[in-house]
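S.K.: Below you'll find the structure I mean.
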Amino acid sequence: MMSDFDDSYKVYTHGAGTHDLPIYPFKTRLSDFLGLDINSIRTDKYTTEHDGKHILFAGCSVTHGVGLPDTKDCWTDIVYNKITKDEKVSGFFSLAYPGHSITLQVSLIMRYIAEYGKPDVIFFNLPSTSRSFVADNDQLYLSQITDHQETEMPGSTTLAAHTSFESYLTLHEYCRLLGIRLISFTWSDKPSSSDPGVTADLFKDKFDSFYISKVKVEDFLLDYLMNYQVDYALLGTDDQHPGIALHAYYASIALDAYLDFPA
């Protein structure tokens, strides 16, 4: 899953065979906190000067575009290109990074706003609530809580979900107070043994910033496949991440929410 990012994304084995990202806590600056080459994030260069609407994308590998043959098919690019047809936008700015959790992305959003100013709108494709911080001696890691880890450490999934929910609640209220339009949704709608936390079940009906599609995903995909002949429609090139049709589905959720009430 992480092989495409060997040069910039250092994968460590920790716990029950999971892949973990080392985090560098107690840092206030965005670049210091990440502990990685910030240039590996798929984004325009961050700036404090914004001539046009300031849009920010957030999420994990799905928002980064992992598994797509061309990032033009990523939901972020579809949304960005649609908005820029009708509005002046200051640039393509994103914090999305493979493996990140809701809690970590919220932390990055807060640091981004402190350094580069508040966006007009944030599009956030929420990761699974199973991702959480774990500590090993003096090193902090971001870990995927699996069913195996839940067996070894009962309550891990619940704790991860709780911290994810509380982090998002903070972001939701923060954006409301600052007048930032927050549009969130999620790819995490079904549990698995390696990813038991389902974000959609936890967040639906809790926040007016969290959106569920008006169209069932099965109906959307059927219609898409009847109208478009594309490779990697359902699964990406790695046979793990969402393919082109699912990214079109995510983009439809984001655009429907945005176009109903433009920021």
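Ordered as shown in the structure tokens, chains take letters A, B, and onward, while each chain numbers its residues from 1 and ligands are numbered from 1 in the order shown.
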Can I get the residues of segment 188-241 of chain A within 12 Å of segment 85-103 of chain A, each with the closest pair of atoms and their distance in Å to one decimal, using only C-alpha atoms, sorted chain first then ascending number, as CSV?

M.R.:
residue,atom,partner,partner_atom,distance
A:Ser188,CA,A:Ile102,CA,11.6
A:Gly197,CA,A:Ser101,CA,11.4
A:Thr199,CA,A:Ile102,CA,9.7
A:Phe203,CA,A:Ile102,CA,11.9
A:His241,CA,A:Pro98,CA,10.9

S.K.: Those same residues, written as an mmCIF file, in the first residue's frame with N, CA and C atoms?

M.R.:
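Heads up, here's the output in selection_3.cif:
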data_model
loop_
_atom_site.group_PDB
_atom_site.id
_atom_site.type_symbol
_atom_site.label_atom_id
_atom_site.label_comp_id
_atom_site.auth_asym_id
_atom_site.auth_seq_id
_atom_site.Cartn_x
_atom_site.Cartn_y
_atom_site.Cartn_z
ATOM 1 N N SER A 188 -15.118 5.815 4.194
ATOM 2 C CA SER A 188 -15.188 4.742 5.175
ATOM 3 C C SER A 188 -16.640 4.437 5.527
ATOM 4 N N GLY A 197 -13.237 0.530 12.058
ATOM 5 C CA GLY A 197 -13.928 1.781 12.357
ATOM 6 C C GLY A 197 -14.652 2.337 11.148
ATOM 7 N N THR A 199 -16.547 5.397 9.694
ATOM 8 C CA THR A 199 -16.772 6.821 9.947
ATOM 9 C C THR A 199 -18.203 7.231 9.640
ATOM 10 N N PHE A 203 -20.654 9.429 12.211
ATOM 11 C CA PHE A 203 -20.782 10.861 11.959
ATOM 12 C C PHE A 203 -22.137 11.279 11.384
ATOM 13 N N HIS A 241 -7.020 0.743 -3.315
ATOM 14 C CA HIS A 241 -7.643 2.061 -3.169
ATOM 15 C C HIS A 241 -8.787 2.251 -4.174
#

S.K.: Would you please work out which residue, of A:Val215, A:Ala200, A:Leu246, A:Ala257, is nearest to Val62 of chain A when using only C-alpha atoms?

M.R.: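 Between A:Val215, A:Ala200, A:Leu246, A:Ala257, the residue approaching Val62 of chain A most closely is A:Leu246.
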
S.K.: Just how far from atom CA of Tyr258 of chain A is atom CA of Leu169 of chain A, in Å to one decimal?

M.R.: 20.1 Å

S.K.: Based on DSSP run over this structure's backbone, return all residues of segment 117-261 of chain A in alpha helix (DSSP H), as a ChimeraX atom specification.

M.R.: /A:147-152,156-178,199-203,217-227,244-260

S.K.: Kindly save the residues from that selection, with C-alpha atoms included, as a PDB file, in the first residue's frame.

M.R.:
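Writing the result to again11.pdb gives the following:
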ATOM      1  CA  ASP A 147      -9.256  -6.541  14.832  1.00  0.00           C
ATOM      2  CA  HIS A 148      -6.059  -8.270  15.980  1.00  0.00           C
ATOM      3  CA  GLN A 149      -4.975  -5.221  17.963  1.00  0.00           C
ATOM      4  CA  GLU A 150      -8.470  -4.904  19.421  1.00  0.00           C
ATOM      5  CA  THR A 151      -8.111  -8.468  20.704  1.00  0.00           C
ATOM      6  CA  GLU A 152      -4.703  -7.692  22.182  1.00  0.00           C
ATOM      7  CA  SER A 156      -8.569   0.345  21.198  1.00  0.00           C
ATOM      8  CA  THR A 157     -11.187   0.778  18.475  1.00  0.00           C
ATOM      9  CA  THR A 158     -13.541   2.653  20.810  1.00  0.00           C
ATOM     10  CA  LEU A 159     -10.744   4.951  21.981  1.00  0.00           C
ATOM     11  CA  ALA A 160      -9.679   5.665  18.397  1.00  0.00           C
ATOM     12  CA  ALA A 161     -13.278   6.443  17.415  1.00  0.00           C
ATOM     13  CA  HIS A 162     -13.708   8.725  20.436  1.00  0.00           C
ATOM     14  CA  THR A 163     -10.584  10.774  19.671  1.00  0.00           C
ATOM     15  CA  SER A 164     -11.601  10.995  16.003  1.00  0.00           C
ATOM     16  CA  PHE A 165     -15.062  12.251  16.932  1.00  0.00           C
ATOM     17  CA  GLU A 166     -13.784  14.785  19.458  1.00  0.00           C
ATOM     18  CA  SER A 167     -11.185  16.103  17.021  1.00  0.00           C
ATOM     19  CA  TYR A 168     -13.768  16.575  14.315  1.00  0.00           C
ATOM     20  CA  LEU A 169     -16.185  18.256  16.733  1.00  0.00           C
ATOM     21  CA  THR A 170     -13.440  20.759  17.550  1.00  0.00           C
ATOM     22  CA  LEU A 171     -12.844  21.425  13.851  1.00  0.00           C
ATOM     23  CA  HIS A 172     -16.573  21.734  13.162  1.00  0.00           C
ATOM     24  CA  GLU A 173     -17.045  24.376  15.860  1.00  0.00           C
ATOM     25  CA  TYR A 174     -13.786  26.124  14.988  1.00  0.00           C
ATOM     26  CA  CYS A 175     -14.869  26.517  11.362  1.00  0.00           C
ATOM     27  CA  ARG A 176     -18.326  27.688  12.378  1.00  0.00           C
ATOM     28  CA  LEU A 177     -16.891  30.410  14.616  1.00  0.00           C
ATOM     29  CA  LEU A 178     -14.392  31.557  11.967  1.00  0.00           C
ATOM     30  CA  THR A 199     -16.772   6.821   9.947  1.00  0.00           C
ATOM     31  CA  ALA A 200     -20.113   7.113   8.153  1.00  0.00           C
ATOM     32  CA  ASP A 201     -22.002   5.310  10.932  1.00  0.00           C
ATOM     33  CA  LEU A 202     -20.458   7.468  13.662  1.00  0.00           C
ATOM     34  CA  PHE A 203     -20.782  10.861  11.959  1.00  0.00           C
ATOM     35  CA  VAL A 217     -23.283   4.397  -4.187  1.00  0.00           C
ATOM     36  CA  GLU A 218     -24.461   1.232  -5.962  1.00  0.00           C
ATOM     37  CA  ASP A 219     -26.824   3.246  -8.181  1.00  0.00           C
ATOM     38  CA  PHE A 220     -24.154   5.850  -8.924  1.00  0.00           C
ATOM     39  CA  LEU A 221     -21.588   3.216  -9.893  1.00  0.00           C
ATOM     40  CA  LEU A 222     -24.044   1.312 -12.073  1.00  0.00           C
ATOM     41  CA  ASP A 223     -24.944   4.491 -13.941  1.00  0.00           C
ATOM     42  CA  TYR A 224     -21.269   5.451 -14.271  1.00  0.00           C
ATOM     43  CA  LEU A 225     -20.250   2.059 -15.648  1.00  0.00           C
ATOM     44  CA  MET A 226     -23.097   2.132 -18.163  1.00  0.00           C
ATOM     45  CA  ASN A 227     -21.962   5.509 -19.486  1.00  0.00           C
ATOM     46  CA  ILE A 244     -11.999   6.334 -10.982  1.00  0.00           C
ATOM     47  CA  ALA A 245     -15.755   5.771 -10.613  1.00  0.00           C
ATOM     48  CA  LEU A 246     -15.604   5.989  -6.821  1.00  0.00           C
ATOM     49  CA  HIS A 247     -13.627   9.219  -7.026  1.00  0.00           C
ATOM     50  CA  ALA A 248     -16.353  10.598  -9.282  1.00  0.00           C
ATOM     51  CA  TYR A 249     -18.836   9.583  -6.589  1.00  0.00           C
ATOM     52  CA  TYR A 250     -16.873  11.408  -3.862  1.00  0.00           C
ATOM     53  CA  ALA A 251     -16.638  14.483  -6.084  1.00  0.00           C
ATOM     54  CA  SER A 252     -20.409  14.427  -6.597  1.00  0.00           C
ATOM     55  CA  ILE A 253     -20.977  14.522  -2.833  1.00  0.00           C
ATOM     56  CA  ALA A 254     -18.578  17.448  -2.391  1.00  0.00           C
ATOM     57  CA  LEU A 255     -19.955  19.425  -5.342  1.00  0.00           C
ATOM     58  CA  ASP A 256     -23.602  18.831  -4.456  1.00  0.00           C
ATOM     59  CA  ALA A 257     -22.925  20.178  -0.962  1.00  0.00           C
ATOM     60  CA  TYR A 258     -20.908  23.127  -2.236  1.00  0.00           C
ATOM     61  CA  LEU A 259     -23.240  24.140  -5.045  1.00  0.00           C
ATOM     62  CA  ASP A 260     -26.274  24.048  -2.742  1.00  0.00           C
TER      63      ASP A 260
END

S.K.: Please tabulate, as a Markdown table, the residues of segment 187-242 of chain A that come within 10 Å of segment 114-125 of chain A, each with its closest pair of atoms and the distance in Å to one decimal, counting only C-alpha atoms and ordering rows by chain, then residue number upward.

M.R.:
| residue | atom | partner | partner_atom | distance |
| --- | --- | --- | --- | --- |
| A:Trp187 | CA | A:Asn125 | CA | 6.9 |
| A:Ser188 | CA | A:Asn125 | CA | 9.1 |
| A:Ser209 | CA | A:Phe124 | CA | 9.8 |
| A:Phe210 | CA | A:Phe124 | CA | 9.2 |

S.K.: Separation of atom CA of Lys45 of chain A and atom CA of Phe185 of chain A, in Å?

M.R.: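 Computing it gives 25.3 Å between the two atoms.
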
S.K.: Would you work out the distance separating atom CA of Asp205 of chain A from atom CA of Gly155 of chain A, expressed in Å to one decimal?

M.R.: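 So the two atoms, atom CA of Asp205 of chain A and atom CA of Gly155 of chain A, lie 24.2 Å apart.
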
S.K.: Closest to Thr71 of chain A among A:Gly243, A:Lys53, A:Arg111, A:Ser213, using only C-alpha atoms?

M.R.: A:Gly243

S.K.: Set the distance at 7 Å and use only C-alpha atoms: which residues neighbour Thr63 of chain A once local chain neighbours fewer than 2 positions away are removed? I'd like the list as a list in words.

M.R.: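 Near Thr63 of chain A, the qualifying residues are Ala58, Gly59, Cys60, Ser61, Gly65, Thr76, Ala96 and Asn125 of chain A.
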
S.K.: Using N, CA and C atoms, can you export the residues from the last selection as a PDB file, in the first residue's frame?

M.R.:
ATOM      1  N   ALA A  58      -8.426  18.139   2.478  1.00  0.00           N
ATOM      2  CA  ALA A  58      -7.829  17.355   3.562  1.00  0.00           C
ATOM      3  C   ALA A  58      -8.293  15.909   3.449  1.00  0.00           C
ATOM      4  N   GLY A  59      -7.451  15.005   3.956  1.00  0.00           N
ATOM      5  CA  GLY A  59      -7.805  13.588   3.914  1.00  0.00           C
ATOM      6  C   GLY A  59      -6.569  12.710   3.973  1.00  0.00           C
ATOM      7  N   CYS A  60      -6.721  11.485   3.517  1.00  0.00           N
ATOM      8  CA  CYS A  60      -5.629  10.510   3.581  1.00  0.00           C
ATOM      9  C   CYS A  60      -5.211  10.119   2.170  1.00  0.00           C
ATOM     10  N   SER A  61      -4.857   8.851   1.962  1.00  0.00           N
ATOM     11  CA  SER A  61      -4.376   8.402   0.654  1.00  0.00           C
ATOM     12  C   SER A  61      -5.430   8.556  -0.438  1.00  0.00           C
ATOM     13  N   GLY A  65      -4.782  10.681  -3.847  1.00  0.00           N
ATOM     14  CA  GLY A  65      -4.892  10.111  -5.187  1.00  0.00           C
ATOM     15  C   GLY A  65      -4.157   8.803  -5.376  1.00  0.00           C
ATOM     16  N   THR A  76     -10.498  15.397  -5.682  1.00  0.00           N
ATOM     17  CA  THR A  76     -10.084  16.779  -5.421  1.00  0.00           C
ATOM     18  C   THR A  76      -9.949  17.572  -6.715  1.00  0.00           C
ATOM     19  N   ALA A  96      -3.641  16.555   2.413  1.00  0.00           N
ATOM     20  CA  ALA A  96      -3.862  15.109   2.401  1.00  0.00           C
ATOM     21  C   ALA A  96      -2.559  14.338   2.307  1.00  0.00           C
ATOM     22  N   ASN A 125     -12.317  14.637   3.061  1.00  0.00           N
ATOM     23  CA  ASN A 125     -12.753  13.256   2.903  1.00  0.00           C
ATOM     24  C   ASN A 125     -12.204  12.480   4.095  1.00  0.00           C
TER      25      ASN A 125
END

S.K.: So, with only C-alpha atoms as the atoms that count, which of A:Leu182, A:Asp51, A:Phe207, A:Phe57 lies closest to Trp75 of chain A?

M.R.: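 Counting only C-alpha atoms, the residue closest to Trp75 of chain A is A:Phe57.
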